[in-house]
Structures are given as structure tokens and as C-alpha cells.
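Novice: This is the structure I want to talk about, given as C-alpha cells.
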Amino acid sequence: MEHILPLVRNVASLTLWLAILAAIFVPLERIFSLRPRERRETTASDIGYYFLNGLLPAAILSIPLGFLAMVMRGLLPADYVATIVALPLWAKLLLGLIVSDFGSYWGHRWSHSNPVLWRFHAVHHDPTSVDWLVNSRAHPIDMVFTRLCGLAPLYALGLADPGIDRTAMVPILVTLFGTVWTFFIHANVRWRFGPLEWLISTPAFHHWHHTNDEYRDHNFAAMLPLIDRAFGTAHLPKHWPPCYGIDEPVAPTMRDQLLTPFGPTPKRRLVEPHSG
């Protein structure tokens with residue numbers, strides 16, 4: 001019974017968060033919709049992915065991240081660690097967001113260029129319409145890999161260590177903020193933010209990441225478009241994407257979507273990023 005109670009608490013917490021997110025984004029997408037709201041047949045599986053990815057990746061990641069923290073605790077100079085610990089929380093959080101988004105950028109980009117990683121990531125890109133709930137639609141292996149790429153640099157640089165109280169909150173806050181923000185940038189809203197769109201990721205910026213035309217494979221950063229600009233993968237015109245989705249078929253059921261990526265890996269038609 002004592003092993004079941006934490007699971008029950010986590011499921012209850014996820015249910016509450018889902019209700020809060022729905023209360024925010026469902027009205028916003030009705031009032032400010034970019035495209036007419038479609039009745040998506042994948043809604044049930046998207047909710048299934050929401051709960052699965054709310055429980056499984058954190059349990060898996062605790063092992064390698066805990067080991068990395070233990071190793072780096074013995075490698076980082078004491079003066080450096082003391083300097084990091086002495087920083088105010090806002091400074092550690094700001095550094096954490098930048099470092100984490102840099103790592104996530106490369107993890108996300110590799111998920112598009114590596115055929116094996118793409119098998120898992122394709123589940124997220126399969127929908128032909130994009131809304132807030134599409135954010136949850138991701139294979140757990142894809143989620144684990146991308147989060148590991150984003151969180152590992154925090155531990156490697158001493159910005160996150162469960163053994164140090166003043167840095168223990170950084171990965172939690174970075175993950176929480178990043179998760180809420182990614183729900184926002186997937187939202188089916190027609191908002192544009194002018195020059196701010198080059199400073200922080202917005203729905204327009206991320207919708208172009210989901211496009212299925214010659215400008216696919218752009219805008220990999222979850223929060224900071226400047227990273228894409230630095231590495232030549234930014235694309236943000238004044239208009240919105242003409243279409244979403246991918247060319248190759250994805251299994252129709254959640255069960256098959258979870259199992260199929262472990263099978264033979266077909267070649268994916270990759271497109272070299274246009275500078276934009």
C-alpha cells in the first residue's frame with residue numbers, strides 16, 4: 001500500500017494540472033483560434049500520453065541525473081560550487097533556463113536528424129493540426145532523451161544538485177516552467193508578438209517547427225529562438241504554416257505507437273534547413 005500511495009498522489013496531481021491547463025487553453029483556443037477547431041480522434045491517446053509522460057520519464061531520469069550529480073560533486077572545484085550556491089535563486093534559474101534550453105535544442109535537433117531517434121520523435125509530429133494538447137503527445141523514450149539533454153548540463157555545471165539545498169530547486173523550476181511554456185507554444189491561437197518573437201518562443205515560432213513543407217526541421221529551441229538563429233535553424237515569416245504533420249505513416253493506436261519505434265528503422269527523408 002505504501003508503494004501505491006505516491007503513485008495515487010502523482011496521478012491526482014497530474015489530473016489537477018490537466019484540469020487547470022484545460023481551463024486556461026480551451027477557452028483561449030475558442031476565442032483566439034488560429035484555425036477552426038477540429039475534432040481530433042487522437043485526443044484520448046494524447047491524454048494517455050499526458051499521464052504516461054507525467055509519471056515515467058521522471059522516474060527514469062532520476063537514476064542517471066543522480067549519478068551525474070554525485071560524480072560532478074567530486075569534480076567541480078569547491079570555489080566554483082560556492083560561487084554557484086551563493087547566487088540568488090533568480091540568477092540560478094535564469095542561467096538554468098539558458099543552459100537547459102541549449103541542451104534541449106541539440107537533443108531536439110538530433111531527434112530530427114538521427115533516424116533511430118526520429119522513430120520515437122515522429123509520434124509528436126504526426127498530428128495534422130496543432131493545439132495545446134499536442135504538447136503531451138510524445139513517446140516516453142523521446143521525452144526522456146530530450147529532457148536528459150536539457151537537464152544533464154545543469155548537473156554537469158553545478159546548477160542542480162539534490163545534495164545542495166540552494167540548487168535543488170533549479171531543475172524542478174526549470175522543468176515546471178518549460179513544461180507550461182511548451183503547452184503555450186503549441187496552442188492554436190493566432191497571437192503574434194512582434195520583435196519579442198525573436199527573444200522568446202511563441203506559438204508562431206513553434207508552429208513553424210511543426211510545418212510539413214520545405215521549411216520543416218527548423219525552430220528547435222523551446223524557449224530561446226536566439227539559439228536557432230545562432231545555429232542557422234530559425235525560420236519565422238509573417239504568415240503561418242500552410243500544413244502540419246509528416247509524410248511517413250505513424251501507427252494509429254497508442255499501443256502500436258509505443259512499440260513500433262523498437263522495430264526496424266526506415267530511412268527518413270531529411271531536408272537541410274533553410275536559413276530564414
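Residue numbering restarts at 1 in every chain; chains get A, B, ... in the order shown in the C-alpha cells, and ligands count up from 1 in that same order.
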Give me, as an NGL selection string, all polymer residues having an atom no more than 10 Å from Asp126 (chain A), counting only C-alpha atoms and skipping those fewer than 4 positions away in the same chain.
Specialist: :A and (121-122 or 130 or 134 or 137-138 or 210 or 212 or 244-252)
Novice: Show which residues sit within 12 Å of region 19-23 of chain A, as a PyMOL selection string. Count only C-alpha atoms, and ignore same-chain residues fewer than 2 positions away.
Specialist: chain A and resi 12-17+25-30+47+50+131-133+135-136+179-184+187
Novice: Take the selection from the previous step and output its residues with C-alpha atoms, as a PDB file, in the first residue's frame.
Specialist:
```pdb
ATOM      1  CA  ALA A  12      -4.157  13.139  -8.617  1.00  0.00           C
ATOM      2  CA  SER A  13      -1.676  15.988  -9.062  1.00  0.00           C
ATOM      3  CA  LEU A  14      -1.494  15.379 -12.816  1.00  0.00           C
ATOM      4  CA  THR A  15      -5.290  15.311 -13.004  1.00  0.00           C
ATOM      5  CA  LEU A  16      -5.489  18.662 -11.232  1.00  0.00           C
ATOM      6  CA  TRP A  17      -2.873  20.167 -13.546  1.00  0.00           C
ATOM      7  CA  PHE A  25      -6.292  26.825 -23.038  1.00  0.00           C
ATOM      8  CA  VAL A  26      -9.695  25.538 -24.138  1.00  0.00           C
ATOM      9  CA  PRO A  27     -11.340  28.999 -23.821  1.00  0.00           C
ATOM     10  CA  LEU A  28      -8.294  30.738 -25.320  1.00  0.00           C
ATOM     11  CA  GLU A  29      -8.336  28.432 -28.343  1.00  0.00           C
ATOM     12  CA  ARG A  30     -12.042  29.063 -28.831  1.00  0.00           C
ATOM     13  CA  ILE A  47      -4.413  12.433 -22.620  1.00  0.00           C
ATOM     14  CA  TYR A  50      -0.027  13.195 -20.758  1.00  0.00           C
ATOM     15  CA  ASP A 131      -3.145  22.690 -30.299  1.00  0.00           C
ATOM     16  CA  TRP A 132      -2.144  22.784 -26.644  1.00  0.00           C
ATOM     17  CA  LEU A 133      -2.759  19.083 -26.045  1.00  0.00           C
ATOM     18  CA  ASN A 135       2.380  19.018 -26.428  1.00  0.00           C
ATOM     19  CA  SER A 136       1.597  15.873 -24.417  1.00  0.00           C
ATOM     20  CA  THR A 179       6.504  22.316 -19.429  1.00  0.00           C
ATOM     21  CA  VAL A 180       3.927  25.089 -19.017  1.00  0.00           C
ATOM     22  CA  TRP A 181       5.600  27.134 -21.751  1.00  0.00           C
ATOM     23  CA  THR A 182       5.560  24.270 -24.233  1.00  0.00           C
ATOM     24  CA  PHE A 183       1.808  23.899 -23.731  1.00  0.00           C
ATOM     25  CA  PHE A 184       1.519  27.586 -24.633  1.00  0.00           C
ATOM     26  CA  ALA A 187      -1.683  26.396 -28.597  1.00  0.00           C
TER      27      ALA A 187
END
```
Novice: Could you write out, as a PyMOL selection string, all the residues of region 40-261 of chain A that DSSP marks as helix (DSSP H, G or I)?
Specialist: chain A and resi 43-75+78-86+89-113+115-125+132-136+140-156+165-186+194-198+203-210+225-230+254-261
Novice: State, in Å with one decimal place, the distance from CA of Asp228 (chain A) to CA of Trp90 (chain A).
Specialist: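 Separation between CA of Asp228 (chain A) and CA of Trp90 (chain A): 24.4 Å.
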Novice: So which one's closest to Glu197 (chain A), A:Leu56, A:Met223, A:Ile172, A:Ala156? Using only C-alpha atoms, please.
Specialist: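 When distances to Glu197 (chain A) are compared using only C-alpha atoms, the smallest one comes from A:Met223.
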Novice: Report, in Å with one decimal, the straight-line distance from CA of Gly54 (chain A) to CA of Phe102 (chain A).
Specialist: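 The value is 22.5 Å.
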